[in-house]
>>> print(open('my_file-v4.txt').read())   # compact mmCIF, C-alpha atoms and all ligand atoms
# COMPACT_ATOMS: atom_id res chain seq x y z
CA MET B 1 0.00 0.00 0.00
CA THR B 2 1.26 3.48 -0.88
CA SER B 3 2.45 5.72 1.92
CA THR B 4 1.40 9.30 1.07
CA VAL B 5 -1.79 10.09 -0.78
CA ILE B 6 -3.03 13.51 -1.82
CA VAL B 7 -6.79 13.75 -1.58
CA THR B 8 -8.29 16.61 -3.58
CA GLY B 9 -11.68 17.63 -2.23
CA GLY B 10 -10.86 15.70 0.93
CA ALA B 11 -12.90 17.97 3.22
CA GLY B 12 -16.10 17.16 1.30
CA TYR B 13 -18.62 14.40 1.88
CA ILE B 14 -17.03 11.39 0.16
CA GLY B 15 -13.47 12.73 0.45
CA SER B 16 -13.67 13.08 4.25
CA HIS B 17 -14.97 9.52 4.69
CA THR B 18 -12.22 8.20 2.41
CA THR B 19 -9.60 10.29 4.21
CA LEU B 20 -10.77 8.70 7.45
CA ALA B 21 -10.43 5.21 5.93
CA LEU B 22 -6.92 6.05 4.64
CA LEU B 23 -5.84 7.38 8.05
CA GLN B 24 -7.17 4.22 9.68
CA MET B 25 -5.01 2.17 7.32
CA GLY B 26 -1.93 4.09 8.54
CA ILE B 27 -1.57 5.99 5.27
CA ASP B 28 -0.37 9.60 5.37
CA VAL B 29 -2.81 11.99 3.74
CA VAL B 30 -2.46 15.50 2.32
CA VAL B 31 -5.88 17.06 1.74
CA LEU B 32 -6.15 19.84 -0.83
CA ASP B 33 -9.52 21.58 -0.76
CA ASN B 34 -10.62 25.14 -1.54
CA LEU B 35 -13.52 24.76 0.94
CA SER B 36 -16.00 25.98 -1.69
CA ASN B 37 -18.45 23.32 -0.47
CA SER B 38 -17.05 22.18 2.88
CA THR B 39 -15.30 23.17 6.09
CA THR B 40 -12.31 21.69 7.90
CA ALA B 41 -14.63 20.45 10.65
CA SER B 42 -15.01 17.15 8.76
CA LEU B 43 -11.24 16.62 8.92
CA GLU B 44 -11.06 17.58 12.58
CA ARG B 45 -13.75 14.99 13.29
CA ALA B 46 -11.94 12.36 11.19
CA ALA B 47 -8.83 13.06 13.28
CA GLN B 48 -10.90 12.69 16.45
CA ILE B 49 -12.10 9.26 15.30
CA THR B 50 -8.79 7.92 14.00
CA GLY B 51 -6.30 9.63 16.33
CA ARG B 52 -4.38 10.74 13.22
CA SER B 53 -4.59 14.02 11.27
CA PRO B 54 -4.19 14.67 7.59
CA VAL B 55 -2.09 17.62 6.44
CA PHE B 56 -4.63 20.20 5.29
CA VAL B 57 -3.87 22.68 2.51
CA GLN B 58 -6.52 25.21 1.55
CA GLY B 59 -6.22 25.82 -2.16
CA ASP B 60 -7.57 25.19 -5.63
CA ILE B 61 -6.77 22.35 -8.01
CA ARG B 62 -6.54 24.97 -10.78
CA ASP B 63 -3.56 26.58 -9.03
CA GLU B 64 -0.67 24.88 -10.84
CA ALA B 65 2.07 26.57 -8.80
CA LEU B 66 0.44 25.42 -5.58
CA LEU B 67 0.19 21.85 -6.88
CA ASN B 68 3.82 21.86 -8.01
CA GLY B 69 4.85 23.02 -4.55
CA LEU B 70 2.82 20.24 -2.88
CA PHE B 71 4.35 17.54 -5.05
CA GLU B 72 7.80 18.91 -4.23
CA LYS B 73 7.15 19.15 -0.50
CA TYR B 74 5.50 15.77 0.20
CA PRO B 75 6.47 12.25 -0.95
CA ILE B 76 3.22 11.78 -2.84
CA GLN B 77 2.79 8.60 -4.84
CA THR B 78 -0.94 8.60 -5.42
CA VAL B 79 -3.75 11.09 -6.01
CA LEU B 80 -7.36 10.55 -5.05
CA HIS B 81 -9.25 13.18 -7.00
CA PHE B 82 -12.63 14.10 -5.50
CA ALA B 83 -12.53 17.89 -5.97
CA GLY B 84 -15.28 19.18 -8.20
CA LEU B 85 -18.64 20.87 -8.38
CA LYS B 86 -21.49 18.38 -8.29
CA ALA B 87 -24.93 20.04 -8.36
CA VAL B 88 -26.68 18.85 -11.50
CA GLY B 89 -29.28 21.65 -11.63
CA GLU B 90 -26.71 24.37 -10.98
CA SER B 91 -24.52 22.99 -13.77
CA VAL B 92 -27.29 23.70 -16.28
CA ASN B 93 -27.27 27.39 -15.31
CA ARG B 94 -23.51 27.74 -14.78
CA PRO B 95 -21.88 25.45 -17.37
CA LEU B 96 -18.68 27.50 -17.58
CA ALA B 97 -18.11 27.22 -13.85
CA TYR B 98 -18.57 23.45 -14.05
CA TYR B 99 -16.32 22.88 -17.06
CA ASP B 100 -13.68 25.20 -15.63
CA ASN B 101 -13.69 23.73 -12.15
CA ASN B 102 -14.04 20.08 -13.10
CA VAL B 103 -12.34 19.76 -16.49
CA THR B 104 -9.71 22.53 -16.30
CA GLY B 105 -9.07 21.58 -12.67
CA THR B 106 -8.35 17.98 -13.66
CA LEU B 107 -6.10 19.06 -16.56
CA THR B 108 -4.09 21.25 -14.21
CA LEU B 109 -3.81 18.44 -11.68
CA CYS B 110 -2.61 15.99 -14.34
CA LYS B 111 -0.01 18.47 -15.62
CA ALA B 112 1.39 18.84 -12.12
CA MET B 113 1.39 15.05 -11.70
CA VAL B 114 3.37 14.57 -14.92
CA ARG B 115 5.86 17.23 -13.84
CA ALA B 116 6.30 15.48 -10.48
CA GLY B 117 6.50 11.99 -11.98
CA VAL B 118 3.37 10.83 -10.14
CA PHE B 119 1.18 8.64 -12.35
CA ARG B 120 -1.27 6.91 -10.02
CA LEU B 121 -4.72 8.48 -9.93
CA ALA B 122 -8.22 7.53 -8.84
CA PHE B 123 -10.95 9.76 -10.19
CA SER B 124 -14.48 10.28 -8.84
CA SER B 125 -16.64 9.60 -11.84
CA SER B 126 -20.35 8.94 -11.75
CA ALA B 127 -23.06 6.66 -13.06
CA THR B 128 -24.32 9.82 -14.75
CA VAL B 129 -21.85 9.09 -17.61
CA TYR B 130 -24.17 6.25 -18.63
CA GLY B 131 -26.97 8.73 -19.36
CA ASN B 132 -30.33 6.99 -19.60
CA PRO B 133 -29.32 3.32 -19.55
CA ALA B 134 -30.87 1.03 -22.14
CA ILE B 135 -30.53 -1.95 -19.81
CA VAL B 136 -30.03 -2.52 -16.09
CA PRO B 137 -27.98 -3.58 -14.24
CA ILE B 138 -25.40 -1.35 -15.92
CA PHE B 139 -21.99 -2.86 -16.59
CA GLU B 140 -18.86 -0.87 -17.37
CA SER B 141 -18.58 -1.60 -21.08
CA VAL B 142 -22.03 -0.32 -22.10
CA THR B 143 -21.98 2.80 -24.22
CA THR B 144 -21.38 6.03 -22.34
CA GLY B 145 -21.43 9.59 -23.50
CA MET B 146 -24.97 10.83 -23.32
CA PRO B 147 -25.13 12.53 -19.93
CA THR B 148 -28.17 14.76 -19.63
CA ASN B 149 -26.48 17.85 -18.10
CA PRO B 150 -23.16 19.79 -18.02
CA TYR B 151 -22.13 18.17 -14.73
CA GLY B 152 -22.41 14.72 -16.30
CA CYS B 153 -20.69 15.93 -19.47
CA SER B 154 -17.78 17.24 -17.40
CA LYS B 155 -17.35 13.78 -15.83
CA TYR B 156 -17.54 12.16 -19.24
CA MET B 157 -14.96 14.57 -20.70
CA ILE B 158 -12.57 13.95 -17.81
CA GLU B 159 -12.87 10.20 -18.33
CA GLN B 160 -11.93 10.71 -22.00
CA VAL B 161 -8.92 12.84 -21.06
CA LEU B 162 -7.72 10.26 -18.55
CA GLN B 163 -8.19 7.39 -21.02
CA ASP B 164 -6.16 9.33 -23.60
CA LEU B 165 -3.40 9.99 -21.08
CA ALA B 166 -3.18 6.31 -20.21
CA ASN B 167 -3.11 5.40 -23.91
CA ALA B 168 -0.32 7.89 -24.59
CA ASP B 169 1.97 7.05 -21.69
CA PRO B 170 2.21 3.57 -20.10
CA ARG B 171 3.38 5.00 -16.80
CA TRP B 172 -0.17 6.02 -15.87
CA SER B 173 -2.30 3.83 -13.58
CA ILE B 174 -5.78 5.30 -13.44
CA ALA B 175 -9.01 4.21 -11.78
CA LEU B 176 -12.22 5.70 -13.16
CA LEU B 177 -14.59 5.00 -10.31
CA ARG B 178 -18.22 5.35 -11.32
CA TYR B 179 -20.19 5.95 -8.16
CA PHE B 180 -23.87 5.19 -8.01
CA ASN B 181 -25.78 7.02 -5.22
CA PRO B 182 -23.60 7.56 -2.13
CA VAL B 183 -25.60 7.96 1.08
CA GLY B 184 -25.25 7.53 4.83
CA ALA B 185 -22.46 8.54 7.13
CA HIS B 186 -19.65 7.15 9.24
CA GLU B 187 -21.14 4.93 11.94
CA SER B 188 -19.84 7.25 14.70
CA GLY B 189 -22.30 9.93 13.57
CA LEU B 190 -19.43 12.43 13.67
CA ILE B 191 -18.96 12.91 9.94
CA GLY B 192 -21.62 12.90 7.24
CA GLU B 193 -23.16 14.79 4.35
CA ASP B 194 -23.62 18.51 4.98
CA PRO B 195 -25.29 20.08 1.97
CA ASN B 196 -25.50 23.84 1.60
CA GLY B 197 -29.06 25.18 1.77
CA ILE B 198 -31.97 23.00 0.62
CA PRO B 199 -30.62 19.56 -0.33
CA ASN B 200 -30.89 18.42 -3.96
CA ASN B 201 -30.48 14.73 -3.21
CA LEU B 202 -33.08 12.39 -1.81
CA LEU B 203 -31.40 11.17 1.38
CA PRO B 204 -30.35 14.48 2.94
CA TYR B 205 -33.79 15.86 2.02
CA ILE B 206 -35.60 12.99 3.75
CA ALA B 207 -33.33 13.31 6.80
CA GLN B 208 -34.16 17.02 7.10
CA VAL B 209 -37.88 16.27 6.84
CA ALA B 210 -37.61 13.60 9.55
CA VAL B 211 -35.74 15.95 11.88
CA GLY B 212 -38.35 18.69 11.31
CA LYS B 213 -36.25 21.19 9.36
CA LEU B 214 -38.30 20.75 6.18
CA PRO B 215 -42.06 20.21 6.16
CA GLU B 216 -42.39 17.45 3.55
CA LEU B 217 -40.57 15.57 0.84
CA VAL B 218 -41.55 16.30 -2.73
CA VAL B 219 -41.50 13.03 -4.68
CA PHE B 220 -40.55 13.80 -8.28
CA GLY B 221 -42.91 11.61 -10.26
CA ASN B 222 -44.91 8.46 -9.51
CA ASP B 223 -45.51 7.60 -13.16
CA TYR B 224 -42.18 6.02 -14.06
CA PRO B 225 -42.17 2.52 -15.54
CA THR B 226 -41.03 1.03 -12.21
CA ALA B 227 -42.79 -1.30 -9.76
CA ASP B 228 -44.32 1.55 -7.73
CA GLY B 229 -43.94 4.39 -10.25
CA THR B 230 -41.10 6.22 -8.45
CA GLY B 231 -37.47 6.45 -9.56
CA VAL B 232 -35.13 3.55 -8.75
CA ARG B 233 -31.48 4.07 -7.77
CA ASP B 234 -28.54 2.10 -6.44
CA TYR B 235 -27.83 3.65 -3.02
CA ILE B 236 -24.42 2.82 -1.60
CA HIS B 237 -23.14 3.44 1.92
CA VAL B 238 -20.41 6.07 1.87
CA MET B 239 -18.09 3.87 3.98
CA ASP B 240 -18.46 1.03 1.47
CA LEU B 241 -17.54 3.57 -1.18
CA ALA B 242 -14.52 4.69 0.86
CA GLU B 243 -13.40 1.07 1.17
CA GLY B 244 -13.79 0.68 -2.60
CA HIS B 245 -11.19 3.44 -3.01
CA LEU B 246 -8.72 1.58 -0.79
CA ARG B 247 -9.15 -1.56 -2.89
CA ALA B 248 -8.77 0.46 -6.10
CA LEU B 249 -5.52 1.99 -4.85
CA GLU B 250 -4.18 -1.47 -4.08
CA ALA B 251 -5.17 -2.67 -7.55
CA LEU B 252 -3.42 0.28 -9.20
CA GLU B 253 -0.12 -0.75 -7.62
CA THR B 254 0.07 -3.71 -9.99
CA ARG B 255 -1.75 -2.33 -13.05
CA THR B 256 -1.12 0.30 -15.65
CA GLY B 257 -3.63 1.87 -18.01
CA ALA B 258 -7.06 3.29 -17.25
CA HIS B 259 -9.59 0.99 -15.58
CA VAL B 260 -13.28 1.60 -15.08
CA TRP B 261 -15.04 0.19 -12.04
CA ASN B 262 -18.65 0.63 -11.00
CA LEU B 263 -19.00 1.26 -7.29
CA GLY B 264 -22.57 0.34 -6.49
CA THR B 265 -24.39 -2.43 -4.62
CA GLY B 266 -26.26 -3.98 -7.53
CA HIS B 267 -29.63 -3.34 -5.83
CA GLY B 268 -32.14 -0.74 -6.96
CA TYR B 269 -34.57 0.87 -4.51
CA SER B 270 -37.50 3.13 -5.32
CA VAL B 271 -38.16 6.49 -3.65
CA PHE B 272 -41.07 4.92 -1.76
CA GLU B 273 -38.86 2.05 -0.55
CA VAL B 274 -36.29 4.55 0.69
CA ILE B 275 -38.96 6.57 2.52
CA ARG B 276 -40.22 3.43 4.28
CA ALA B 277 -36.69 2.32 5.19
CA PHE B 278 -35.92 5.76 6.62
CA GLU B 279 -39.16 5.79 8.62
CA ALA B 280 -38.24 2.38 10.06
CA ALA B 281 -34.70 3.49 10.95
CA SER B 282 -35.74 6.80 12.49
CA ASP B 283 -39.13 5.84 13.91
CA ARG B 284 -40.38 9.15 12.51
CA PRO B 285 -42.90 9.78 9.75
CA VAL B 286 -41.64 11.25 6.47
CA PRO B 287 -44.59 13.18 5.03
CA TYR B 288 -44.46 13.58 1.28
CA ARG B 289 -46.43 14.79 -1.71
CA ILE B 290 -46.22 13.74 -5.33
CA ALA B 291 -45.08 16.33 -7.89
CA PRO B 292 -44.23 16.10 -11.61
CA ARG B 293 -41.01 14.46 -12.72
CA ARG B 294 -37.78 16.45 -12.30
CA THR B 295 -36.26 17.45 -15.64
CA GLY B 296 -33.38 15.20 -16.66
CA ASP B 297 -34.25 12.40 -14.21
CA ILE B 298 -34.25 8.82 -15.42
CA ALA B 299 -36.48 5.96 -14.28
CA THR B 300 -34.06 3.29 -13.19
CA CYS B 301 -30.32 3.07 -12.59
CA TYR B 302 -28.41 0.37 -10.76
CA ALA B 303 -25.01 -1.18 -11.12
CA ASP B 304 -23.62 -4.50 -12.07
CA PRO B 305 -20.78 -4.36 -9.50
CA SER B 306 -19.27 -7.74 -10.44
CA LYS B 307 -16.18 -6.29 -12.17
CA ALA B 308 -15.13 -4.54 -8.94
CA MET B 309 -15.74 -7.78 -7.06
CA ARG B 310 -13.66 -9.78 -9.51
CA GLU B 311 -10.80 -7.33 -9.98
CA LEU B 312 -10.69 -5.42 -6.70
CA GLY B 313 -12.07 -8.02 -4.32
CA TRP B 314 -14.51 -5.33 -3.24
CA LYS B 315 -18.21 -5.66 -2.53
CA ALA B 316 -20.55 -3.30 -0.69
CA LYS B 317 -21.30 -4.81 2.72
CA ARG B 318 -23.87 -2.44 4.18
CA GLY B 319 -27.54 -2.71 3.24
CA LEU B 320 -30.33 -0.13 3.04
CA PRO B 321 -31.18 -0.35 6.80
CA GLU B 322 -27.56 0.50 7.75
CA MET B 323 -27.49 3.36 5.25
CA MET B 324 -30.67 4.82 6.75
CA ARG B 325 -29.57 4.21 10.35
CA ASP B 326 -26.26 6.01 9.81
CA ALA B 327 -27.81 8.88 7.81
CA TRP B 328 -30.29 9.36 10.65
CA ARG B 329 -27.66 9.16 13.40
CA TRP B 330 -25.60 11.85 11.64
CA GLN B 331 -28.69 14.03 11.12
CA GLN B 332 -29.81 13.68 14.73
CA MET B 333 -26.39 14.32 16.22
CA ASN B 334 -25.74 17.26 13.85
CA PRO B 335 -29.08 18.90 13.01
CA ASN B 336 -27.22 21.86 11.51
CA GLY B 337 -24.44 19.86 9.92
CA TYR B 338 -20.97 20.98 10.95
CA ARG B 339 -22.20 24.46 11.87
P1 LIG B 401 -18.52 17.59 -1.98
O1 LIG B 401 -18.96 18.86 -2.60
O2 LIG B 401 -18.96 17.28 -0.60
O3 LIG B 401 -16.94 17.48 -2.03
C1 LIG B 401 -16.17 18.06 -3.07
C2 LIG B 401 -15.06 18.84 -2.38
O4 LIG B 401 -14.23 19.44 -3.39
C3 LIG B 401 -15.57 19.97 -1.52
O5 LIG B 401 -14.95 19.89 -0.25
C4 LIG B 401 -15.16 21.25 -2.25
O6 LIG B 401 -14.87 22.31 -1.35
C5 LIG B 401 -13.94 20.75 -3.01
N1 LIG B 401 -13.65 21.48 -4.25
C6 LIG B 401 -14.50 21.79 -5.26
N2 LIG B 401 -13.85 22.43 -6.25
C7 LIG B 401 -12.56 22.52 -5.87
C8 LIG B 401 -11.39 23.06 -6.46
N3 LIG B 401 -11.44 23.66 -7.65
N4 LIG B 401 -10.22 22.97 -5.80
C9 LIG B 401 -10.16 22.38 -4.59
N5 LIG B 401 -11.24 21.85 -3.97
C10 LIG B 401 -12.42 21.91 -4.61
O7 LIG B 401 -18.96 16.40 -2.97
P2 LIG B 401 -18.93 14.83 -2.76
O8 LIG B 401 -20.34 14.36 -2.72
O9 LIG B 401 -18.01 14.47 -1.68
O10 LIG B 401 -18.35 14.39 -4.17
C11 LIG B 401 -16.98 14.12 -4.36
C12 LIG B 401 -16.74 13.78 -5.81
O11 LIG B 401 -17.53 12.63 -6.16
C13 LIG B 401 -17.14 14.88 -6.79
O12 LIG B 401 -16.20 14.91 -7.84
C14 LIG B 401 -18.48 14.44 -7.29
O13 LIG B 401 -18.75 14.91 -8.58
C15 LIG B 401 -18.32 12.93 -7.29
N6 LIG B 401 -19.59 12.19 -7.21
C16 LIG B 401 -20.44 12.47 -6.18
C17 LIG B 401 -21.66 11.81 -6.10
C18 LIG B 401 -22.64 12.13 -5.00
O14 LIG B 401 -23.82 11.80 -5.13
N7 LIG B 401 -22.24 12.73 -3.88
C19 LIG B 401 -22.00 10.86 -7.07
C20 LIG B 401 -21.09 10.59 -8.08
C21 LIG B 401 -19.88 11.27 -8.15
N1 LIG B 402 -35.97 12.56 -5.54
C1 LIG B 402 -37.20 12.97 -5.10
N2 LIG B 402 -37.28 14.10 -4.33
C2 LIG B 402 -36.17 14.82 -3.97
C3 LIG B 402 -34.91 14.38 -4.44
C4 LIG B 402 -34.85 13.25 -5.23
O1 LIG B 402 -38.22 12.35 -5.40
O2 LIG B 402 -36.30 15.84 -3.28
C5 LIG B 402 -35.87 11.32 -6.36
C6 LIG B 402 -35.27 11.54 -7.74
O3 LIG B 402 -36.30 11.85 -8.67
C7 LIG B 402 -34.61 10.18 -8.01
C8 LIG B 402 -34.18 9.72 -6.63
O4 LIG B 402 -34.98 10.45 -5.70
O5 LIG B 402 -35.58 9.25 -8.50
C9 LIG B 402 -32.70 9.99 -6.32
O6 LIG B 402 -32.43 11.37 -6.57
P1 LIG B 402 -31.04 12.03 -6.20
O7 LIG B 402 -31.12 13.47 -6.62
O8 LIG B 402 -30.70 11.73 -4.80
O9 LIG B 402 -30.00 11.22 -7.12
P2 LIG B 402 -29.87 11.14 -8.72
O10 LIG B 402 -31.13 11.62 -9.33
O11 LIG B 402 -28.72 12.01 -9.02
O12 LIG B 402 -29.63 9.69 -9.00
>>> encode(input="my_file-v4.txt", output="structure tokens", more="lines below")
Ligand code: NAD
Ligand code: UDP
Amino acid sequence: MTSTVIVTGGAGYIGSHTTLALLQMGIDVVVLDNLSNSTTASLERAAQITGRSPVFVQGDIRDEALLNGLFEKYPIQTVLHFAGLKAVGESVNRPLAYYDNNVTGTLTLCKAMVRAGVFRLAFSSSATVYGNPAIVPIFESVTTGMPTNPYGCSKYMIEQVLQDLANADPRWSIALLRYFNPVGAHESGLIGEDPNGIPNNLLPYIAQVAVGKLPELVVFGNDYPTADGTGVRDYIHVMDLAEGHLRALEALETRTGAHVWNLGTGHGYSVFEVIRAFEAASDRPVPYRIAPRRTGDIATCYADPSKAMRELGWKAKRGLPEMMRDAWRWQQMNPNGYR
């Protein structure tokens, strides 16, 4: 296992849980985050849990001089690249910000890596690169490239860039990790998802309804061609996702080229099933009303995770009840997030 890892976006939701998992493995971590969507509280809590602290550097992945300095200062062998903007709706209104932050940011990071002779990279991609899947479960080799929004396009473009890099230079070892729907929190309840303002995603929205901060959930459509008419997704516990990154880093030690792995559970749950599971975990009602479909949403999306099982020896261990229990514990212990 590599000794020093730089984690871009490491103060954010998935990055902080993965940083915690890295620290627990005894790996030294340098977190680079511009705090545009996070605070350092997540890292302080991760240090509280693990008894170890990452080095924290506040800065932007588009700052090439800063990156060059970091690669010179620390013995970095691997980069876990989480930093990026991720709000689908916002990306439609601010495409330049999304392409600049996500695509230009990744180009700058890769240039600094080449300069430093660091060629091992795991990138946070997304099931969104599959667009509206023709068949489920989705396996890695199905056609990609029809994301329905600029956020998804930025992920797709970055994947192309990274594939081209790996094709051009055999020193690269790259993991393109396509996440399905990360939810939940570390089982301590000390770190979790802390969205700004009204949440866009289902789980944080439900949690805020259950805790009384929001009056009701708005269910976007009950007329999809699914068993109960609501959208079906592959929800994955954020700690399972974090562990998937550890396995991917191990795999990259003995592989070159760019490799795509789905990180999902292989199970699809409807919005109604998630509501019921959350009500059971929290023992609170989650009032909801039905509204029209949300633009750009698809009916059903879940992973075939067997390639990650075969090649990484990784499989999600935590089921829907654990995801709901941990999301609820985090919400209850931190009704205002890290604030
Ligand atoms: P997040 O917003 O909580 O974390 C992203 C972090 O990156 C934040 O701490 C933010 O401050 C930082 N950041 C953003 N732009 C930066 C920049 N230019 N320089 C330095 N830091 C920057 O999001 P998350 O949910 O933890 O997502 C992490 C990654 O996983 C993102 O790339 C996201 O697109 C991807 N992803 C997330 C999901 C999801 O549902 N959460 C699903 C699929 C893929
Ligand atoms: N959803 C919903 N109400 C909300 C947020 C989401 O009904 O307030 C639905 C959404 O239509 C989708 C599912 O919940 O079927 C998951 O949505 P989320 O935004 O969490 O993930 P994504 O759509 O990106 O997969």
>>> atom_distance(input="my_file-v4.txt", atom1="atom O9 of ligand LIG 401 (chain B)", atom2="CA of Gly15 (chain B)")
5.3 Å
>>> atom_distance(input="my_file-v4.txt", atom1="CA of Tyr288 (chain B)", atom2="CA of Asp234 (chain B)")
21.1 Å
>>> residues_near_point(input="my_file-v4.txt", point="(-21.3, -0.7, -4.8)", cutoff="7 Å", atoms="only C-alpha atoms", output="PyMOL selection string")
chain B and resi 236+241+262-266+305+315-316
>>> residues_near_ligand(input="my_file-v4.txt", ligand="ligand LIG 402 (chain B)", cutoff="7 Å", atoms="only C-alpha atoms and all ligand atoms", output="ChimeraX atom specification")
/B:181,200-203,205,217-221,230-233,271,293-294,297,299
>>> residues_near_ligand(input="my_file-v4.txt", ligand="ligand LIG 401 (chain B)", cutoff="8 Å", atoms="only C-alpha atoms and all ligand atoms", output="JSON, numbers by chain")
{"B": [8, 9, 10, 11, 12, 13, 14, 15, 16, 32, 33, 34, 35, 36, 37, 38, 39, 58, 59, 60, 61, 62, 81, 82, 83, 84, 85, 86, 101, 102, 105, 123, 124, 125, 126, 127, 128, 151, 155, 178, 179, 180, 181, 182, 183, 193, 194, 195, 201]}
>>> closest_residue(input="my_file-v4.txt", among="B:Asp283, B:Asp164, B:Glu216, B:Glu140", to="Tyr302 (chain B)", atoms="all atoms listed in the file")
B:Glu140
>>> closest_residue(input="my_file-v4.txt", among="B:Val88, B:Cys110, B:Ala97, B:Leu312", to="Leu249 (chain B)", atoms="only C-alpha atoms")
B:Leu312
>>> closest_residue(input="my_file-v4.txt", among="B:Ala281, B:Val211, B:Leu20, B:Ala303", to="His267 (chain B)", atoms="all atoms listed in the file")
B:Ala303
>>> closest_residue(input="my_file-v4.txt", among="B:Lys317, B:Thr104, B:Ile298, B:Ile135", to="Tyr224 (chain B)", atoms="all atoms listed in the file")
B:Ile298
>>> atom_distance(input="my_file-v4.txt", atom1="CA of Val7 (chain B)", atom2="CA of Thr78 (chain B)")
8.7 Å
>>> residues_around(input="my_file-v4.txt", residues="Ala242 (chain B)", least_positions_apart="3", cutoff="7 Å", atoms="all atoms listed in the file", output="count of residues only")
7
>>> axis_aligned_box(input="my_file-v4.txt", around="region 188-201 of chain B", padding_each_side="8 Å", output="AutoDock Vina command-line options")
--center_x -25.5 --center_y 16.2 --center_z 5.4 --size_x 29.0 --size_y 33.9 --size_z 34.7
>>> closest_residue(input="my_file-v4.txt", among="B:His237, B:Ile6, B:Glu44, B:Ile27", to="Val57 (chain B)", atoms="only C-alpha atoms")
B:Ile6
>>> closest_residue(input="my_file-v4.txt", among="B:Val114, B:Ala175, B:Leu80, B:Ile49", to="Gln163 (chain B)", atoms="all atoms listed in the file")
B:Ala175
>>> residues_around(input="my_file-v4.txt", residues="Asn336 (chain B)", least_positions_apart="4", cutoff="12 Å", atoms="only C-alpha atoms", output="VMD selection string")
chain B and resid 192 to 198 204 207 to 208 211 to 213 330 to 332
>>> residues_around(input="my_file-v4.txt", residues="Asn334 (chain B)", least_positions_apart="5", cutoff="10 Å", atoms="all atoms listed in the file", output="ChimeraX atom specification")
/B:189-192,194,328-329,339
>>> residues_around(input="my_file-v4.txt", residues="Arg284 (chain B)", least_positions_apart="4", cutoff="9 Å", atoms="only C-alpha atoms", output="PyMOL selection string")
chain B and resi 210-211+278-280
>>> write_last_selection(input="my_file-v4.txt", atoms="C-alpha atoms", output="compact mmCIF listing (two decimals), in the coordinates of the input")
# COMPACT_ATOMS: atom_id res chain seq x y z
CA ALA B 210 -37.61 13.60 9.55
CA VAL B 211 -35.74 15.95 11.88
CA PHE B 278 -35.92 5.76 6.62
CA GLU B 279 -39.16 5.79 8.62
CA ALA B 280 -38.24 2.38 10.06
